[in-house]
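See below for final-v9.txt, which holds compact mmCIF, C-alpha atoms (C1' of nucleotides).
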# COMPACT_ATOMS: atom_id res chain seq x y z
CA MET O 242 -10.64 19.20 -233.25
CA GLU O 243 -13.89 20.98 -232.60
CA GLU O 244 -15.91 20.68 -229.49
CA GLY O 245 -19.28 19.04 -230.04
CA THR O 246 -20.66 20.06 -233.38
CA SER O 247 -24.05 18.45 -233.58
CA GLN O 248 -24.64 18.21 -229.90
CA SER O 249 -27.89 16.29 -230.19
CA LEU O 250 -29.62 14.75 -227.21
CA GLY O 251 -30.28 18.10 -225.58
CA SER O 252 -27.93 17.17 -222.77
CA PRO O 253 -26.41 19.92 -220.65
CA ALA O 254 -23.35 17.73 -220.97
CA ASP O 255 -20.42 19.73 -219.65
CA THR O 256 -21.52 19.49 -216.06
CA ALA O 257 -18.62 17.21 -215.18
CA GLY O 258 -16.08 19.67 -216.47
CA HIS O 259 -15.14 16.92 -218.89
CA ARG O 260 -16.36 16.21 -222.33
CA SER O 261 -15.83 13.99 -225.31
CA ASP O 262 -14.58 15.80 -228.35
CA TYR O 263 -16.92 13.98 -230.66
CA ASP O 264 -20.62 13.48 -230.71
CA VAL O 265 -21.50 10.14 -229.22
CA TRP O 266 -24.58 9.89 -231.31
CA GLN O 267 -22.84 10.26 -234.57
CA TRP O 268 -21.59 6.76 -234.07
CA ASP O 269 -24.64 5.46 -232.33
CA ALA O 270 -23.92 1.82 -231.74
CA ARG O 271 -27.26 0.51 -232.89
CA GLU O 272 -27.27 2.04 -236.32
CA ASP O 273 -25.51 0.81 -239.39
CA CYS O 274 -23.03 3.60 -238.99
CA GLU O 275 -19.46 3.18 -240.09
CA VAL O 276 -17.96 2.97 -236.65
CA ARG O 277 -20.35 0.27 -235.61
CA GLN O 278 -19.57 -1.71 -238.72
CA ILE O 279 -15.82 -1.35 -238.41
CA LEU O 280 -15.99 -2.19 -234.76
CA ASP O 281 -18.01 -5.28 -235.51
CA ARG O 282 -15.56 -6.25 -238.19
CA VAL O 283 -12.56 -5.72 -235.96
CA ALA O 284 -14.12 -7.41 -232.98
CA ASP O 285 -15.55 -10.49 -234.55
CA LYS O 286 -14.08 -13.76 -233.56
CA TRP O 287 -11.38 -14.11 -236.21
CA SER O 288 -10.76 -10.84 -238.07
CA LEU O 289 -8.28 -9.39 -235.66
CA LEU O 290 -6.17 -12.50 -235.78
CA ALA O 291 -6.20 -12.57 -239.56
CA ILE O 292 -5.25 -8.90 -239.72
CA ALA O 293 -2.41 -9.37 -237.27
CA LEU O 294 -1.04 -12.33 -239.17
CA LEU O 295 -1.28 -10.58 -242.50
CA ASP O 296 0.45 -7.56 -241.09
CA ARG O 297 3.56 -9.68 -240.80
CA ARG O 298 3.50 -11.07 -244.30
CA SER O 299 1.02 -12.11 -246.95
CA LEU O 300 -0.36 -15.60 -246.67
CA ARG O 301 -2.37 -17.99 -248.76
CA PHE O 302 -5.64 -19.51 -247.73
CA THR O 303 -4.26 -22.74 -246.36
CA GLU O 304 -1.49 -20.99 -244.49
CA LEU O 305 -4.03 -18.80 -242.76
CA LYS O 306 -6.17 -21.80 -242.02
CA ARG O 307 -3.22 -23.56 -240.45
CA GLU O 308 -1.99 -20.55 -238.47
CA ILE O 309 -5.42 -19.65 -237.15
CA ASP O 310 -5.78 -23.13 -235.89
CA GLY O 311 -9.35 -23.82 -234.90
CA ILE O 312 -11.08 -21.71 -237.51
CA SER O 313 -13.45 -23.48 -239.85
CA GLN O 314 -13.10 -23.16 -243.59
CA ARG O 315 -16.47 -21.49 -243.69
CA MET O 316 -15.52 -18.78 -241.22
CA LEU O 317 -12.12 -18.15 -242.73
CA THR O 318 -13.69 -17.56 -246.10
CA ARG O 319 -16.32 -15.27 -244.66
CA THR O 320 -13.82 -13.33 -242.60
CA LEU O 321 -11.50 -12.79 -245.55
CA ARG O 322 -14.35 -11.77 -247.83
CA HIS O 323 -15.51 -9.17 -245.36
CA LEU O 324 -12.03 -7.78 -244.93
CA GLU O 325 -11.58 -7.72 -248.67
CA ARG O 326 -14.88 -5.95 -249.20
CA ASP O 327 -13.89 -3.27 -246.72
CA GLY O 328 -10.64 -2.72 -248.58
CA LEU O 329 -8.51 -3.98 -245.70
CA VAL O 330 -7.23 -7.09 -247.41
CA GLU O 331 -6.26 -7.76 -250.99
CA ARG O 332 -6.98 -11.13 -252.56
CA THR O 333 -4.83 -12.34 -255.42
CA VAL O 334 -5.84 -15.39 -257.39
CA HIS O 335 -3.06 -17.06 -259.36
CA PRO O 336 -4.46 -18.88 -262.35
CA VAL O 337 -2.58 -22.09 -261.73
CA VAL O 338 -3.60 -25.58 -260.88
CA PRO O 339 -3.93 -26.37 -258.11
CA PRO O 340 -5.22 -22.88 -257.36
CA ARG O 341 -3.13 -20.47 -255.34
CA VAL O 342 -4.70 -17.49 -253.61
CA ASP O 343 -2.68 -14.94 -251.70
CA TYR O 344 -4.01 -12.59 -249.09
CA ALA O 345 -2.24 -9.41 -248.11
CA LEU O 346 -3.05 -6.39 -246.01
CA THR O 347 -3.70 -3.23 -247.97
CA PRO O 348 -2.16 0.05 -246.81
CA LEU O 349 -5.55 0.83 -245.27
CA GLY O 350 -5.46 -2.49 -243.48
CA ARG O 351 -2.04 -1.68 -242.08
CA THR O 352 -3.14 1.61 -240.63
CA LEU O 353 -6.12 -0.10 -239.05
CA HIS O 354 -3.86 -2.69 -237.52
CA ALA O 355 -1.67 0.03 -236.10
CA THR O 356 -4.72 1.58 -234.50
CA ILE O 357 -6.01 -1.66 -233.10
CA LYS O 358 -2.60 -2.29 -231.66
CA SER O 359 -3.02 0.64 -229.31
CA LEU O 360 -6.02 -1.14 -227.84
CA VAL O 361 -3.99 -4.30 -227.46
CA VAL O 362 -1.24 -2.33 -225.78
CA TRP O 363 -3.76 -0.70 -223.45
CA THR O 364 -5.10 -4.09 -222.47
CA GLU O 365 -1.67 -5.51 -221.83
CA ALA O 366 -0.80 -2.50 -219.73
CA HIS O 367 -3.93 -2.80 -217.63
CA GLN O 368 -4.68 -6.48 -217.50
CA GLU O 369 -3.56 -6.88 -213.93
CA GLU O 370 -5.65 -3.94 -212.86
CA ILE O 371 -8.63 -5.52 -214.56
CA ALA O 372 -7.93 -8.89 -213.03
CA ARG O 373 -7.82 -7.28 -209.60
CA ALA O 374 -11.08 -5.45 -210.25
CA ARG O 375 -12.75 -8.70 -211.21
CA ALA O 376 -11.43 -10.54 -208.21
CA ASP O 377 -12.66 -7.74 -205.94
CA TYR O 378 -16.04 -7.71 -207.61
CA ASP O 379 -16.44 -11.45 -207.35
CA LYS O 380 -15.33 -11.35 -203.74
CA ARG O 381 -17.87 -8.68 -202.89
CA GLU O 382 -20.54 -10.66 -204.70
CA ALA O 383 -19.69 -13.81 -202.78
CA ASP O 384 -19.70 -11.95 -199.48
CA LEU O 385 -23.03 -10.44 -200.32
CA ARG O 386 -24.60 -13.77 -201.14
CA GLU O 387 -23.19 -15.23 -197.97
CA THR O 388 -24.51 -12.41 -195.86
CA SER O 389 -27.98 -12.50 -197.33
CA ALA O 390 -28.07 -16.26 -197.01
CA ALA O 391 -27.11 -15.96 -193.37
CA GLY O 392 -29.70 -13.28 -192.92
CA ALA O 393 -32.35 -15.46 -194.48
CA ALA O 394 -31.30 -18.36 -192.28
CA ASP O 395 -31.77 -16.33 -189.13
CA MET Z 6 5.56 -29.14 -232.53
CA GLU Z 7 5.37 -26.26 -234.88
CA GLU Z 8 8.52 -24.25 -234.84
CA GLY Z 9 8.47 -21.50 -232.32
CA THR Z 10 6.34 -21.44 -229.23
CA SER Z 11 6.39 -17.87 -228.07
CA GLN Z 12 7.91 -16.31 -231.12
CA SER Z 13 5.52 -18.72 -232.71
CA LEU Z 14 4.48 -19.52 -236.19
CA GLY Z 15 7.92 -20.29 -237.51
CA SER Z 16 7.72 -17.28 -239.69
CA PRO Z 17 11.00 -15.84 -240.83
CA ALA Z 18 8.58 -13.01 -240.60
CA ASP Z 19 10.51 -10.01 -241.75
CA THR Z 20 10.19 -11.08 -245.33
CA ALA Z 21 7.93 -8.14 -245.95
CA GLY Z 22 10.41 -5.84 -244.29
CA HIS Z 23 7.66 -5.26 -241.77
CA ARG Z 24 6.83 -6.90 -238.50
CA SER Z 25 4.52 -6.61 -235.56
CA ASP Z 26 6.22 -5.79 -232.30
CA TYR Z 27 4.11 -8.15 -230.27
CA ASP Z 28 3.36 -11.80 -230.51
CA VAL Z 29 0.08 -12.38 -232.21
CA TRP Z 30 -0.50 -15.56 -230.32
CA GLN Z 31 -0.22 -14.02 -226.95
CA TRP Z 32 -3.57 -12.49 -227.56
CA ASP Z 33 -4.97 -15.35 -229.51
CA ALA Z 34 -8.51 -14.40 -230.26
CA ARG Z 35 -10.06 -17.72 -229.41
CA GLU Z 36 -8.74 -18.03 -225.90
CA ASP Z 37 -10.09 -16.41 -222.82
CA CYS Z 38 -7.15 -14.09 -222.89
CA GLU Z 39 -7.44 -10.55 -221.64
CA VAL Z 40 -7.37 -8.85 -224.99
CA ARG Z 41 -10.12 -11.04 -226.31
CA GLN Z 42 -12.25 -10.30 -223.27
CA ILE Z 43 -11.65 -6.59 -223.34
CA LEU Z 44 -12.31 -6.52 -227.04
CA ASP Z 45 -15.54 -8.38 -226.57
CA ARG Z 46 -16.51 -6.05 -223.80
CA VAL Z 47 -15.72 -2.95 -225.83
CA ALA Z 48 -17.33 -4.24 -228.95
CA ASP Z 49 -20.56 -5.59 -227.66
CA LYS Z 50 -23.69 -3.89 -228.71
CA TRP Z 51 -24.03 -1.32 -225.95
CA SER Z 52 -20.83 -0.99 -223.89
CA LEU Z 53 -19.15 1.53 -226.10
CA LEU Z 54 -22.15 3.78 -226.02
CA ALA Z 55 -22.41 3.56 -222.27
CA ILE Z 56 -18.71 4.29 -221.86
CA ALA Z 57 -18.89 7.28 -224.16
CA LEU Z 58 -21.89 8.70 -222.36
CA LEU Z 59 -20.33 8.19 -218.95
CA ASP Z 60 -17.14 9.83 -220.12
CA ARG Z 61 -19.13 13.04 -220.37
CA ARG Z 62 -20.67 12.87 -216.94
CA SER Z 63 -21.94 10.34 -214.47
CA LEU Z 64 -25.49 9.20 -214.99
CA ARG Z 65 -28.10 7.23 -213.13
CA PHE Z 66 -29.72 4.10 -214.40
CA THR Z 67 -32.81 5.72 -215.84
CA GLU Z 68 -30.83 8.47 -217.50
CA LEU Z 69 -28.68 5.90 -219.26
CA LYS Z 70 -31.76 3.98 -220.25
CA ARG Z 71 -33.27 7.10 -221.72
CA GLU Z 72 -30.11 8.25 -223.50
CA ILE Z 73 -29.32 4.85 -224.96
CA ASP Z 74 -32.77 4.77 -226.40
CA GLY Z 75 -33.58 1.30 -227.59
CA ILE Z 76 -31.69 -0.68 -225.00
CA SER Z 77 -33.68 -3.10 -222.90
CA GLN Z 78 -33.53 -2.96 -219.13
CA ARG Z 79 -32.03 -6.40 -219.13
CA MET Z 80 -29.16 -5.47 -221.40
CA LEU Z 81 -28.45 -2.17 -219.68
CA THR Z 82 -28.12 -3.96 -216.37
CA ARG Z 83 -25.90 -6.63 -217.84
CA THR Z 84 -23.73 -4.13 -219.68
CA LEU Z 85 -23.21 -2.02 -216.59
CA ARG Z 86 -22.47 -5.04 -214.40
CA HIS Z 87 -19.82 -6.22 -216.81
CA LEU Z 88 -18.21 -2.81 -216.98
CA GLU Z 89 -18.34 -2.55 -213.22
CA ARG Z 90 -16.77 -5.96 -212.78
CA ASP Z 91 -13.91 -5.00 -215.06
CA GLY Z 92 -13.30 -1.89 -213.01
CA LEU Z 93 -14.28 0.45 -215.81
CA VAL Z 94 -17.41 1.82 -214.21
CA GLU Z 95 -18.22 2.62 -210.61
CA ARG Z 96 -21.68 2.02 -209.26
CA THR Z 97 -22.93 4.09 -206.34
CA VAL Z 98 -26.13 3.14 -204.58
CA HIS Z 99 -27.75 5.89 -202.57
CA PRO Z 100 -29.80 4.43 -199.74
CA VAL Z 101 -32.87 6.49 -200.40
CA VAL Z 102 -36.36 5.68 -201.50
CA PRO Z 103 -37.04 5.56 -204.31
CA PRO Z 104 -33.56 4.13 -204.96
CA ARG Z 105 -30.96 6.21 -206.72
CA VAL Z 106 -27.98 4.59 -208.41
CA ASP Z 107 -25.24 6.56 -210.07
CA TYR Z 108 -22.82 5.24 -212.62
CA ALA Z 109 -19.49 6.87 -213.35
CA LEU Z 110 -16.41 6.00 -215.32
CA THR Z 111 -13.39 5.07 -213.24
CA PRO Z 112 -9.99 6.50 -214.16
CA LEU Z 113 -9.31 3.17 -215.84
CA GLY Z 114 -12.51 3.52 -217.80
CA ARG Z 115 -11.46 6.96 -218.95
CA THR Z 116 -8.15 5.76 -220.28
CA LEU Z 117 -9.93 2.96 -222.12
CA HIS Z 118 -12.30 5.44 -223.64
CA ALA Z 119 -9.41 7.55 -224.80
CA THR Z 120 -7.93 4.51 -226.49
CA ILE Z 121 -11.17 3.48 -228.12
CA LYS Z 122 -11.52 6.98 -229.41
CA SER Z 123 -8.49 6.54 -231.62
CA LEU Z 124 -10.33 3.73 -233.35
CA VAL Z 125 -13.35 5.94 -233.79
CA VAL Z 126 -11.16 8.66 -235.19
CA TRP Z 127 -9.53 6.19 -237.57
CA THR Z 128 -12.92 5.09 -238.80
CA GLU Z 129 -14.14 8.61 -239.33
CA ALA Z 130 -10.97 9.42 -241.22
CA HIS Z 131 -11.31 6.42 -243.51
CA GLN Z 132 -15.02 5.88 -243.86
CA GLU Z 133 -15.15 7.22 -247.37
CA GLU Z 134 -12.27 5.02 -248.41
CA ILE Z 135 -14.09 2.05 -246.95
CA ALA Z 136 -17.33 3.00 -248.63
CA ARG Z 137 -15.54 3.20 -251.95
CA ALA Z 138 -13.92 -0.16 -251.40
CA ARG Z 139 -17.30 -1.70 -250.69
CA ALA Z 140 -18.89 -0.14 -253.71
CA ASP Z 141 -16.05 -1.41 -255.89
CA TYR Z 142 -16.28 -4.86 -254.41
CA ASP Z 143 -20.02 -5.04 -254.89
CA LYS Z 144 -19.66 -3.77 -258.44
CA ARG Z 145 -17.08 -6.42 -259.27
CA GLU Z 146 -19.29 -9.05 -257.70
CA ALA Z 147 -22.26 -7.94 -259.73
CA ASP Z 148 -20.24 -7.89 -262.94
CA LEU Z 149 -18.96 -11.34 -262.18
CA ARG Z 150 -22.39 -12.79 -261.62
CA GLU Z 151 -23.62 -11.14 -264.76
CA THR Z 152 -20.74 -12.52 -266.80
CA SER Z 153 -21.06 -16.04 -265.51
CA ALA Z 154 -24.82 -15.93 -265.99
CA ALA Z 155 -24.30 -14.86 -269.60
CA GLY Z 156 -21.70 -17.56 -269.99
CA ALA Z 157 -24.09 -20.17 -268.65
CA ALA Z 158 -26.84 -18.93 -270.93
CA ASP Z 159 -24.65 -19.40 -273.99
C1' DC W 245 -36.59 3.66 -209.43
C1' DC W 246 -33.82 -0.12 -210.17
C1' DG W 247 -33.57 -3.99 -210.95
C1' DT W 248 -34.35 -9.88 -211.53
C1' DA W 249 -36.59 -13.96 -213.77
C1' DT W 250 -38.46 -16.23 -217.63
C1' DC W 251 -39.43 -17.11 -222.21
C1' DC W 252 -38.52 -16.70 -227.01
C1' DT W 253 -36.38 -15.57 -231.55
C1' DA W 254 -32.60 -14.53 -234.67
C1' DA W 255 -28.08 -14.74 -235.76
C1' DA W 256 -23.26 -16.49 -235.28
C1' DG W 257 -20.61 -20.03 -235.96
C1' DG W 258 -19.04 -25.25 -236.07
C1' DA W 259 -19.20 -29.88 -238.63
C1' DT W 260 -19.52 -32.12 -242.57
C1' DA W 261 -19.93 -33.13 -247.39
C1' DC W 262 -19.25 -31.77 -251.98
C1' DT W 263 -16.82 -29.11 -256.34
C1' DG W 264 -13.80 -26.67 -260.04
C1' DC T 44 -6.00 -25.94 -253.07
C1' DA T 45 -9.60 -23.07 -252.25
C1' DG T 46 -13.54 -22.74 -251.73
C1' DT T 47 -19.68 -23.69 -251.50
C1' DA T 48 -23.72 -25.67 -249.56
C1' DT T 49 -26.26 -27.60 -245.89
C1' DC T 50 -27.43 -28.69 -241.40
C1' DC T 51 -27.29 -28.05 -236.56
C1' DT T 52 -26.11 -26.03 -231.96
C1' DT T 53 -25.13 -22.32 -229.12
C1' DT T 54 -25.57 -17.76 -227.74
C1' DA T 55 -26.99 -12.76 -227.82
C1' DG T 56 -30.42 -10.15 -226.91
C1' DG T 57 -35.56 -8.45 -227.00
C1' DA T 58 -40.24 -8.66 -224.63
C1' DT T 59 -42.66 -9.16 -220.74
C1' DA T 60 -43.87 -9.76 -216.00
C1' DC T 61 -42.81 -9.34 -211.35
C1' DG T 62 -40.22 -7.68 -206.79
C1' DG T 63 -37.84 -4.56 -203.09

Written as structure tokens, that's how I'd like the structure from this file.
Amino acid sequence: MEEGTSQSLGSPADTAGHRSDYDVWQWDAREDCEVRQILDRVADKWSLLAIALLDRRSLRFTELKREIDGISQRMLTRTLRHLERDGLVERTVHPVVPPRVDYALTPLGRTLHATIKSLVVWTEAHQEEIARARADYDKREADLRETSAAGAAD
Amino acid sequence: MEEGTSQSLGSPADTAGHRSDYDVWQWDAREDCEVRQILDRVADKWSLLAIALLDRRSLRFTELKREIDGISQRMLTRTLRHLERDGLVERTVHPVVPPRVDYALTPLGRTLHATIKSLVVWTEAHQEEIARARADYDKREADLRETSAAGAAD
DNA sequence: CCGTATCCTAAAGGATACTG
DNA sequence: CAGTATCCTTTAGGATACGG
């Protein structure tokens, strides 16, 4: 792993004695860069769930619809099409009637799922810490409002 | 009830000889569960960028605004407040005039960044594969439209 | 300098109805 | 069964103006 290659943003950077080993701007969140797109794909409302389910076993459309209870037909179709386009999911149409369509994770999809899982694991490991942080923040906020209200009342 | 509450989705599961080691439904994407919230936080338009920048060194409001060129004041404030509330970023107000406010990643924020980074690394490693998949998909789509158009014209 | 408040637009996504 | 097509609501987020 190289230290910053295209350093960009003329920042002195290393001042904190700590540094990212990639260039932040290479995956600038606003651009249509790959990371942004993958992140959007992974993070959208239903993709992650579909990926996780398909990582267990392949499923057909209706099965997915039933398992991801609450998703609309429209969104399930869109989600699956996006995943398919990105090469994460494979769609197999069986020429029978009534139609049967199977969805399965590709090898690429499986490696992505493995990666996402580390984020899930992180969250599970730290959820209490986060909950505490939120409670503290909200408490401080409430105290602040109370104080300023009291101050205004004086 | 569907079979299986925690083990859930009555899937014999292992059929593919492969299985996730967590319960998909514990982090059901639709609920206000922790994973969903963290994922939303991480994936929203600006958070990731802010986190990555702050992982290098602490920055003040205006510096962040300048570095994340394109972000509105409104969204920068909101983004930072959310990160602060979750205990990922620490906000330090210096009681001077004009005001000076420094933002820094907390230890928790740093570990999150490290985790996110693995997703970034995954994306960088597979972006060409994804690009190919998309090109293939679009090609097939185009061919299909062409064919059906020709068929209709006949 | 560091915000908050207000207004406004674009996009995501649900509900519903229809089709091969 | 496995989708499209259409309409409608909700939300994210930009622009702008103002305040401590």

If we count only C-alpha atoms (C1' of nucleotides), what is near O:Ala374 at a cut-off of 9 Å, once residues fewer than 2 positions away on the same chain are taken out, given as a PDB file with C-alpha atoms, in the frame of the given file?
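Output below, filename around_33.pdb:
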ATOM      1  CA  GLU O 369      -3.560  -6.880-213.930  1.00  0.00           C
ATOM      2  CA  GLU O 370      -5.650  -3.940-212.860  1.00  0.00           C
ATOM      3  CA  ILE O 371      -8.630  -5.520-214.560  1.00  0.00           C
ATOM      4  CA  ALA O 372      -7.930  -8.890-213.030  1.00  0.00           C
ATOM      5  CA  ALA O 376     -11.430 -10.540-208.210  1.00  0.00           C
ATOM      6  CA  ASP O 377     -12.660  -7.740-205.940  1.00  0.00           C
ATOM      7  CA  TYR O 378     -16.040  -7.710-207.610  1.00  0.00           C
ATOM      8  CA  ASP O 379     -16.440 -11.450-207.350  1.00  0.00           C
TER       9      ASP O 379
ATOM     10  CA  GLU Z  89     -18.340  -2.550-213.220  1.00  0.00           C
ATOM     11  CA  ARG Z  90     -16.770  -5.960-212.780  1.00  0.00           C
ATOM     12  CA  ASP Z  91     -13.910  -5.000-215.060  1.00  0.00           C
ATOM     13  CA  GLY Z  92     -13.300  -1.890-213.010  1.00  0.00           C
ATOM     14  CA  LEU Z  93     -14.280   0.450-215.810  1.00  0.00           C
TER      15      LEU Z  93
END

What residues in chain W have any atom no more than 9 Å from chain O when counting only C-alpha atoms (C1' of nucleotides), and can you write them as JSON, numbers by chain?
{"W": [257, 258, 259]}

Residues of chain T that have any atom at most 9 Å from an atom of chain O: could you tabulate them with the shortest-distance atom pair and the distance in Å to one decimal, using all atoms listed in the file, ordered by chain and increasing number, as CSV?
residue,atom,partner,partner_atom,distance
T:DC44,C1',O:Pro340,CA,5.3
T:DA45,C1',O:Pro340,CA,6.7
T:DG46,C1',O:Thr318,CA,7.7
T:DT47,C1',O:Arg315,CA,8.7

Got time to write the residues from that selection, C-alpha atoms (C1' of nucleotides), as a short mmCIF file (atom, residue, chain, number, x, y, z; two decimals), keeping the file's coordinate frame?
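Output below, filename out-v1.cif:
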data_model
loop_
_atom_site.label_atom_id
_atom_site.label_comp_id
_atom_site.auth_asym_id
_atom_site.auth_seq_id
_atom_site.Cartn_x
_atom_site.Cartn_y
_atom_site.Cartn_z
"C1'" DC T 44 -6.00 -25.94 -253.07
"C1'" DA T 45 -9.60 -23.07 -252.25
"C1'" DG T 46 -13.54 -22.74 -251.73
"C1'" DT T 47 -19.68 -23.69 -251.50
#

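Of note, atom CA of Z:Thr120 and atom CA of Z:Val47 are spaced 10.8 Å apart.
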
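For W:DA255, the list of residues within 12 Å, based on all atoms listed in the file and with local chain neighbours fewer than 3 positions off taken out, reads DT53, DT54, DA55 and DG56 of chain T.
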
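Taking atom C1' of W:DT250 and atom C1' of T:DT52 as endpoints, the distance between them is 21.3 Å.
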
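Considering the residues O:Thr347, O:Thr320, O:Ser288, O:Thr364 and counting all atoms listed in the file, chain Z has its shortest atom-to-atom contact with O:Thr364.
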
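Residue nearest chain O, chosen from Z:Leu110, Z:Leu64, Z:Ile121, Z:Leu149 and counting all atoms listed in the file: Z:Ile121.
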
Adding 6 Å on each side of the box along x, y and z that holds all listed atoms of stretch 246-249 of chain W, could you give its centre and edge lengths in Å to one decimal, as lines of an AutoDock Vina configuration file?
center_x = -35.1
center_y = -7.0
center_z = -212.0
size_x = 15.0
size_y = 25.8
size_z = 15.6

Shortest contact to Z:Ala130, candidates O:Val330, O:Arg307, O:Thr352, O:His335, atoms counted all atoms listed in the file, goes to O:Thr352

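Take the candidates Z:Leu81, Z:Leu69, Z:Leu54, Z:Ala109 and check each one against chain O using all atoms listed in the file; the shortest distance goes to Z:Leu54.
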
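Atom to atom, atom CA of O:Arg297 and atom CA of O:Lys358 stand 13.3 Å apart.
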
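Take the candidates Z:His87, Z:Arg62, Z:Arg137, Z:His131 and check each one against chain O using only C-alpha atoms; the shortest distance goes to Z:Arg62.
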